[in-house]
Amino acid sequence: MPTTAASRVRGYQPAPSDALVTSRLKAAGAVLVGKTNLHEFAFGTTSGVSAFGAVRNPIDVSRSAGGSSGGSAVSVVAGMAIATIGTDTGGSIRVPAAACGIVGLKPGFGEVPRDGVVPLSSTFDHVGPLARSVADAAAVYGVLARRAVRPPAIRPLKGMRLCRLGGYMEALLEPGVRTVYEHTIERLRAGGAVITTVELPHANDIASIYLVVSLAEGAAYHAKTLERCPELYDPSVRLRVEQGRYILAEDYLRALAGCGVIREEVSAALADVEALILPGSAIAAPRLDQETITIDGEELPVRGLMLRLSQPFNLSGHPALVMPCGTTKEHLPVSLQLVGQRSNTRALLDVGATIEAAIR
C-alpha cells in the first residue's frame with residue numbers, strides 16, 4: 001500500500017517493506033484494515049492540512065480531530081478498529097486522543113522501534129497506540145514493544161502518590177478544561193490519592209527548545225525533496241520545513257542540552273511519586289478554521305496551545321498516557337495526562353488503569 005504521509009510529495013508508491021511495528025502486529029495475529037489520514041508529514045496539530053482533505057472530529061465535524069495522528073483517533077471513535085497506531089513528536093498521539101475522547105499512549109523513548117516510520121524529528125519521535133481503554137492500549141503496547149501482553153493491574157486508589165504539575169502547565173487552560181480538570185483532581189483526592197504539586201523550573205523554555213530541534217531535524221530529512229519539488233508541499237508545511245534550514249549548529253546543540261535539563265527536572269518531579277498528572281490538552285477540540293483562542297484576555301495560537309502540555313515529555317522521553325476525564329458544556333472531551341518513570345511504561349499503564357476505573 002502507498003505510504004504518502006498525507007502529502008503529494010511522496011507520490012503513491014508503496015514503501016519497500018513494512019515498518020517494524022506493522023510486522024510485529026501481523027506476527028501477533030492483528031488484522032490490519034487500512035491506513036488513516038493525518039496532518040501532512042506530521043507537521044501540525046489539527047490534521048487540517050492533508051493531500052486527502054481535513055480530518056474531522058466525529059463528535060462535531062466542524063472541529064479538529066487533533067494532530068498529527070488525527071485519522072488514527074477518528075477510526076477508533078468511529079468503530080473502524082479496536083486500536084490504531086500513531087506517531088508522537090510533540091503530542092501527535094496524545095493531542096488527537098484528547099480531542100476525540102479516547103486513550104493515547106506515548107511509550108518511553110526507544111521502547112517501540114521506529115524502523116520504516118516516516119520521521120519528523122529523530123530526537124523526539126515516538127510510536128504508540130490509540131484505543132478506547134487503557135487495557136486495549138496496553139495490549140497493543142505489549143506487541144509493539146515485544147513485552148508480554150498482560151492486562152494492566154488495577155489496585156485501590158487509596159494511598160496512590162501523584163504529583164500535580166503546576167505553574168506553566170496550568171497557566172493557560174481553557175475555562176471548560178480547567179473546570180473538568182479540577183473536578184477530576186478532587187475525585188482522585190476523595191478516592192484516597194495523595195496529590196502534591198510541583199513546577200518544572202525551566203518549563204518556559206520547553207517550546208523554544210522543541211522548535212529548534214524538531215525544525216532542524218525535519219529540514220535535514222526533507223532537504224532533497226525541498227530542492228526537487230517544493231511546490232508539492234502545502235505552503236504551511238513547506239514554511240515550517242524551510243525554517244529549519246536557518247537554524248545554527250550552535251543553537252541546535254544548545255537545544256539538545258536543554259532537553260537534558262528538562263529530562264532531569266521531570267525525573268526529579270517523579271522521584272517520590274507514581275505518576276505526574278496534568279491536563280491532556282490545554283484546550284478542547286478547536287474549529288477546523290480556528291487559528292487563535294482567547295484565554296484570560298490573551299489571544300493565543302491554537303498550535304501552541306495544543307502542544308503546550310505534551311511537548312515536555314517528548315523532550316524528556318518519559319512515557320505519557322492520555323485518557324478522557326469528562327466533557328465541557330459544549331460536550332467536547334477533556335482529558336487527563338499521566339507521566340511515568342523513564343523505561344517503565346508498564347507501571348504507568350497500571351496507574352492509568354487504576355485512575356480510569358476510579359473516574360469512569
# chains A, B, ... in the order shown; residues from 1 in each chain; ligands from 1

$ select_by_dssp --residues "range 69-266 of chain A" --states "strand (DSSP E)" --output "number ranges by chain"
A: 83-88, 103-106, 126-131, 161-165, 194-198

$ residues_around --residues "Gln243 in chain A" --least-positions-apart "2" --cutoff "12 Å" --atoms "only C-alpha atoms" --output "list in words"
Leu211, Val212, Val213, Ser214, Leu215, Ala216, Glu217, Gly218, Ala219, Ala220, His222, Ala223, Leu226, Ser236, Val237, Arg238, Leu239, Arg240, Val241, Arg245, Tyr246, Ile247 and Leu248 of chain A

$ write_last_selection --atoms "N, CA and C atoms" --output "mmCIF file, in the first residue's frame"
data_model
loop_
_atom_site.group_PDB
_atom_site.id
_atom_site.type_symbol
_atom_site.label_atom_id
_atom_site.label_comp_id
_atom_site.auth_asym_id
_atom_site.auth_seq_id
_atom_site.Cartn_x
_atom_site.Cartn_y
_atom_site.Cartn_z
ATOM 1 N N LEU A 211 11.147 23.662 19.256
ATOM 2 C CA LEU A 211 11.116 24.237 17.915
ATOM 3 C C LEU A 211 12.466 24.101 17.215
ATOM 4 N N VAL A 212 13.535 24.424 17.910
ATOM 5 C CA VAL A 212 14.870 24.376 17.300
ATOM 6 C C VAL A 212 15.220 22.953 16.872
ATOM 7 N N VAL A 213 15.039 21.998 17.761
ATOM 8 C CA VAL A 213 15.433 20.618 17.451
ATOM 9 C C VAL A 213 14.549 20.023 16.366
ATOM 10 N N SER A 214 13.238 20.151 16.500
ATOM 11 C CA SER A 214 12.330 19.497 15.555
ATOM 12 C C SER A 214 12.433 20.095 14.162
ATOM 13 N N LEU A 215 12.554 21.416 14.059
ATOM 14 C CA LEU A 215 12.646 22.030 12.739
ATOM 15 C C LEU A 215 13.983 21.711 12.065
ATOM 16 N N ALA A 216 15.066 21.730 12.824
ATOM 17 C CA ALA A 216 16.372 21.412 12.243
ATOM 18 C C ALA A 216 16.406 19.980 11.727
ATOM 19 N N GLU A 217 15.903 19.045 12.505
ATOM 20 C CA GLU A 217 15.921 17.650 12.086
ATOM 21 C C GLU A 217 14.926 17.396 10.960
ATOM 22 N N GLY A 218 13.789 18.085 10.993
ATOM 23 C CA GLY A 218 12.826 17.956 9.906
ATOM 24 C C GLY A 218 13.387 18.479 8.594
ATOM 25 N N ALA A 219 14.084 19.591 8.635
ATOM 26 C CA ALA A 219 14.682 20.166 7.426
ATOM 27 C C ALA A 219 15.737 19.232 6.842
ATOM 28 N N ALA A 220 16.492 18.559 7.700
ATOM 29 C CA ALA A 220 17.516 17.627 7.214
ATOM 30 C C ALA A 220 16.877 16.468 6.454
ATOM 31 N N HIS A 222 13.969 16.450 4.915
ATOM 32 C CA HIS A 222 13.258 16.913 3.720
ATOM 33 C C HIS A 222 14.151 17.666 2.729
ATOM 34 N N ALA A 223 15.439 17.730 2.981
ATOM 35 C CA ALA A 223 16.331 18.558 2.157
ATOM 36 C C ALA A 223 16.223 18.242 0.667
ATOM 37 N N LEU A 226 12.760 19.192 -0.831
ATOM 38 C CA LEU A 226 12.602 20.648 -0.868
ATOM 39 C C LEU A 226 13.298 21.233 -2.087
ATOM 40 N N SER A 236 1.885 25.880 4.238
ATOM 41 C CA SER A 236 2.140 25.996 5.677
ATOM 42 C C SER A 236 3.183 24.990 6.142
ATOM 43 N N VAL A 237 3.143 23.785 5.578
ATOM 44 C CA VAL A 237 4.130 22.767 5.936
ATOM 45 C C VAL A 237 5.495 23.121 5.345
ATOM 46 N N ARG A 238 5.496 23.560 4.105
ATOM 47 C CA ARG A 238 6.761 23.943 3.464
ATOM 48 C C ARG A 238 7.453 25.050 4.254
ATOM 49 N N LEU A 239 6.686 26.026 4.742
ATOM 50 C CA LEU A 239 7.269 27.127 5.510
ATOM 51 C C LEU A 239 7.967 26.599 6.752
ATOM 52 N N ARG A 240 7.328 25.693 7.459
ATOM 53 C CA ARG A 240 7.919 25.174 8.683
ATOM 54 C C ARG A 240 9.180 24.375 8.388
ATOM 55 N N VAL A 241 9.142 23.572 7.333
ATOM 56 C CA VAL A 241 10.324 22.779 6.985
ATOM 57 C C VAL A 241 11.484 23.690 6.590
ATOM 58 N N ARG A 245 16.074 25.188 7.965
ATOM 59 C CA ARG A 245 17.325 25.352 7.245
ATOM 60 C C ARG A 245 18.180 26.483 7.813
ATOM 61 N N TYR A 246 17.581 27.357 8.567
ATOM 62 C CA TYR A 246 18.284 28.558 9.039
ATOM 63 C C TYR A 246 18.668 28.470 10.513
ATOM 64 N N ILE A 247 18.550 27.288 11.087
ATOM 65 C CA ILE A 247 18.943 27.101 12.485
ATOM 66 C C ILE A 247 20.435 26.805 12.554
ATOM 67 N N LEU A 248 21.158 27.543 13.381
ATOM 68 C CA LEU A 248 22.606 27.378 13.512
ATOM 69 C C LEU A 248 22.935 26.116 14.308
#

$ select_by_dssp --residues "range 105-168 of chain A" --states "helix (DSSP H, G or I)" --output "list in words"
Val134, Ala135, Asp136, Ala137, Ala138, Ala139, Val140, Tyr141, Gly142, Val143, Leu144 and Tyr168 of chain A

$ closest_residue --among "A:Pro58, A:Gly70, A:Gly340, A:Gly104" --to "Ala269 in chain A" --atoms "only C-alpha atoms"
A:Gly340

$ residues_around --residues "Ser133 in chain A" --least-positions-apart "5" --cutoff "10 Å" --atoms "only C-alpha atoms" --output "JSON, numbers by chain"
{"A": [82, 83, 102, 103, 104, 138, 323, 324, 352, 353, 356]}

$ closest_residue --among "A:Leu165, A:Gly159, A:Val55, A:Val21" --to "Gly192 in chain A" --atoms "only C-alpha atoms"
A:Gly159

$ residues_around --residues "Glu291 in chain A" --least-positions-apart "2" --cutoff "10 Å" --atoms "only C-alpha atoms" --output "PyMOL selection string"
chain A and resi 286-289+293+299-303

$ residues_around --residues "Gln337 in chain A" --least-positions-apart "4" --cutoff "9 Å" --atoms "only C-alpha atoms" --output "PyMOL selection string"
chain A and resi 94+98+276-281+309-310+320-324

$ write_last_selection --atoms "N, CA and C atoms" --output "PDB file, in the first residue's frame"
ATOM      1  N   ARG A  94      -1.195  11.956  21.668  1.00  0.00           N
ATOM      2  CA  ARG A  94      -1.979  12.426  22.818  1.00  0.00           C
ATOM      3  C   ARG A  94      -2.934  13.558  22.471  1.00  0.00           C
ATOM      4  N   ALA A  98      -6.890  13.295  23.101  1.00  0.00           N
ATOM      5  CA  ALA A  98      -7.589  14.270  23.942  1.00  0.00           C
ATOM      6  C   ALA A  98      -8.739  14.924  23.200  1.00  0.00           C
ATOM      7  N   LEU A 276       3.073  11.736  37.393  1.00  0.00           N
ATOM      8  CA  LEU A 276       2.713  13.154  37.333  1.00  0.00           C
ATOM      9  C   LEU A 276       1.355  13.268  36.674  1.00  0.00           C
ATOM     10  N   ILE A 277       0.581  14.273  37.057  1.00  0.00           N
ATOM     11  CA  ILE A 277      -0.725  14.474  36.443  1.00  0.00           C
ATOM     12  C   ILE A 277      -0.850  15.915  35.965  1.00  0.00           C
ATOM     13  N   LEU A 278      -1.504  16.077  34.835  1.00  0.00           N
ATOM     14  CA  LEU A 278      -1.783  17.380  34.237  1.00  0.00           C
ATOM     15  C   LEU A 278      -2.850  17.176  33.172  1.00  0.00           C
ATOM     16  N   PRO A 279      -3.445  18.233  32.635  1.00  0.00           N
ATOM     17  CA  PRO A 279      -4.443  18.037  31.576  1.00  0.00           C
ATOM     18  C   PRO A 279      -3.805  17.413  30.332  1.00  0.00           C
ATOM     19  N   GLY A 280      -4.619  16.691  29.569  1.00  0.00           N
ATOM     20  CA  GLY A 280      -4.131  16.127  28.321  1.00  0.00           C
ATOM     21  C   GLY A 280      -3.917  17.187  27.265  1.00  0.00           C
ATOM     22  N   SER A 281      -4.732  18.221  27.291  1.00  0.00           N
ATOM     23  CA  SER A 281      -4.608  19.350  26.360  1.00  0.00           C
ATOM     24  C   SER A 281      -5.115  20.585  27.068  1.00  0.00           C
ATOM     25  N   LEU A 309       1.143  21.165  26.559  1.00  0.00           N
ATOM     26  CA  LEU A 309       1.208  20.225  27.678  1.00  0.00           C
ATOM     27  C   LEU A 309       1.738  18.848  27.284  1.00  0.00           C
ATOM     28  N   SER A 310       1.978  18.644  26.002  1.00  0.00           N
ATOM     29  CA  SER A 310       2.504  17.345  25.568  1.00  0.00           C
ATOM     30  C   SER A 310       3.986  17.408  25.208  1.00  0.00           C
ATOM     31  N   ALA A 320       4.022   8.819  28.543  1.00  0.00           N
ATOM     32  CA  ALA A 320       2.892   9.678  28.882  1.00  0.00           C
ATOM     33  C   ALA A 320       1.609   9.069  28.327  1.00  0.00           C
ATOM     34  N   LEU A 321       0.565   9.119  29.126  1.00  0.00           N
ATOM     35  CA  LEU A 321      -0.709   8.485  28.809  1.00  0.00           C
ATOM     36  C   LEU A 321      -1.836   9.503  28.950  1.00  0.00           C
ATOM     37  N   VAL A 322      -2.689   9.595  27.935  1.00  0.00           N
ATOM     38  CA  VAL A 322      -3.837  10.498  27.975  1.00  0.00           C
ATOM     39  C   VAL A 322      -5.112   9.666  28.008  1.00  0.00           C
ATOM     40  N   MET A 323      -6.070  10.067  28.844  1.00  0.00           N
ATOM     41  CA  MET A 323      -7.357   9.375  28.930  1.00  0.00           C
ATOM     42  C   MET A 323      -8.471  10.388  29.180  1.00  0.00           C
ATOM     43  N   PRO A 324      -9.690  10.110  28.712  1.00  0.00           N
ATOM     44  CA  PRO A 324     -10.787  11.057  28.921  1.00  0.00           C
ATOM     45  C   PRO A 324     -11.179  11.148  30.390  1.00  0.00           C
TER      46      PRO A 324
END

$ residues_around --residues "Ala275 in chain A" --least-positions-apart "4" --cutoff "9 Å" --atoms "only C-alpha atoms" --output "list in words"
Arg161, Leu162, Cys163, Arg164, Leu270, Leu338, Val339, Gly340, Gln341, Leu348 and Val351 of chain A

$ residues_around --residues "Asn314 in chain A" --least-positions-apart "5" --cutoff "7 Å" --atoms "only C-alpha atoms" --output "PyMOL selection string"
chain A and resi 89-90+124

$ write_last_selection --atoms "C-alpha atoms" --output "PDB file, in the first residue's frame"
ATOM      1  CA  THR A  89       6.822  14.009  18.165  1.00  0.00           C
ATOM      2  CA  GLY A  90       5.273  16.837  20.177  1.00  0.00           C
ATOM      3  CA  PHE A 124      11.551  13.369  19.635  1.00  0.00           C
TER       4      PHE A 124
END

$ closest_residue --among "A:Pro235, A:Ser75, A:Phe41, A:Val112" --to "Arg132 in chain A" --atoms "only C-alpha atoms"
A:Ser75

$ closest_residue --among "A:Pro16, A:Val95, A:Thr4, A:Ala145" --to "Gly110 in chain A" --atoms "only C-alpha atoms"
A:Ala145

$ closest_residue --among "A:Leu200, A:Ala153, A:Val140, A:Val77" --to "Gly166 in chain A" --atoms "only C-alpha atoms"
A:Leu200

$ atom_distance --atom1 "CA of Asp18 in chain A" --atom2 "CA of Val33 in chain A"
14.5 Å

$ closest_residue --among "A:Arg360, A:Ala190, A:Ser64, A:Ala282" --to "Glu170 in chain A" --atoms "only C-alpha atoms"
A:Ala282

$ atom_distance --atom1 "CA of Arg308 in chain A" --atom2 "CA of Ala193 in chain A"
25.9 Å

$ atom_distance --atom1 "CA of Pro119 in chain A" --atom2 "CA of Ala27 in chain A"
23.6 Å
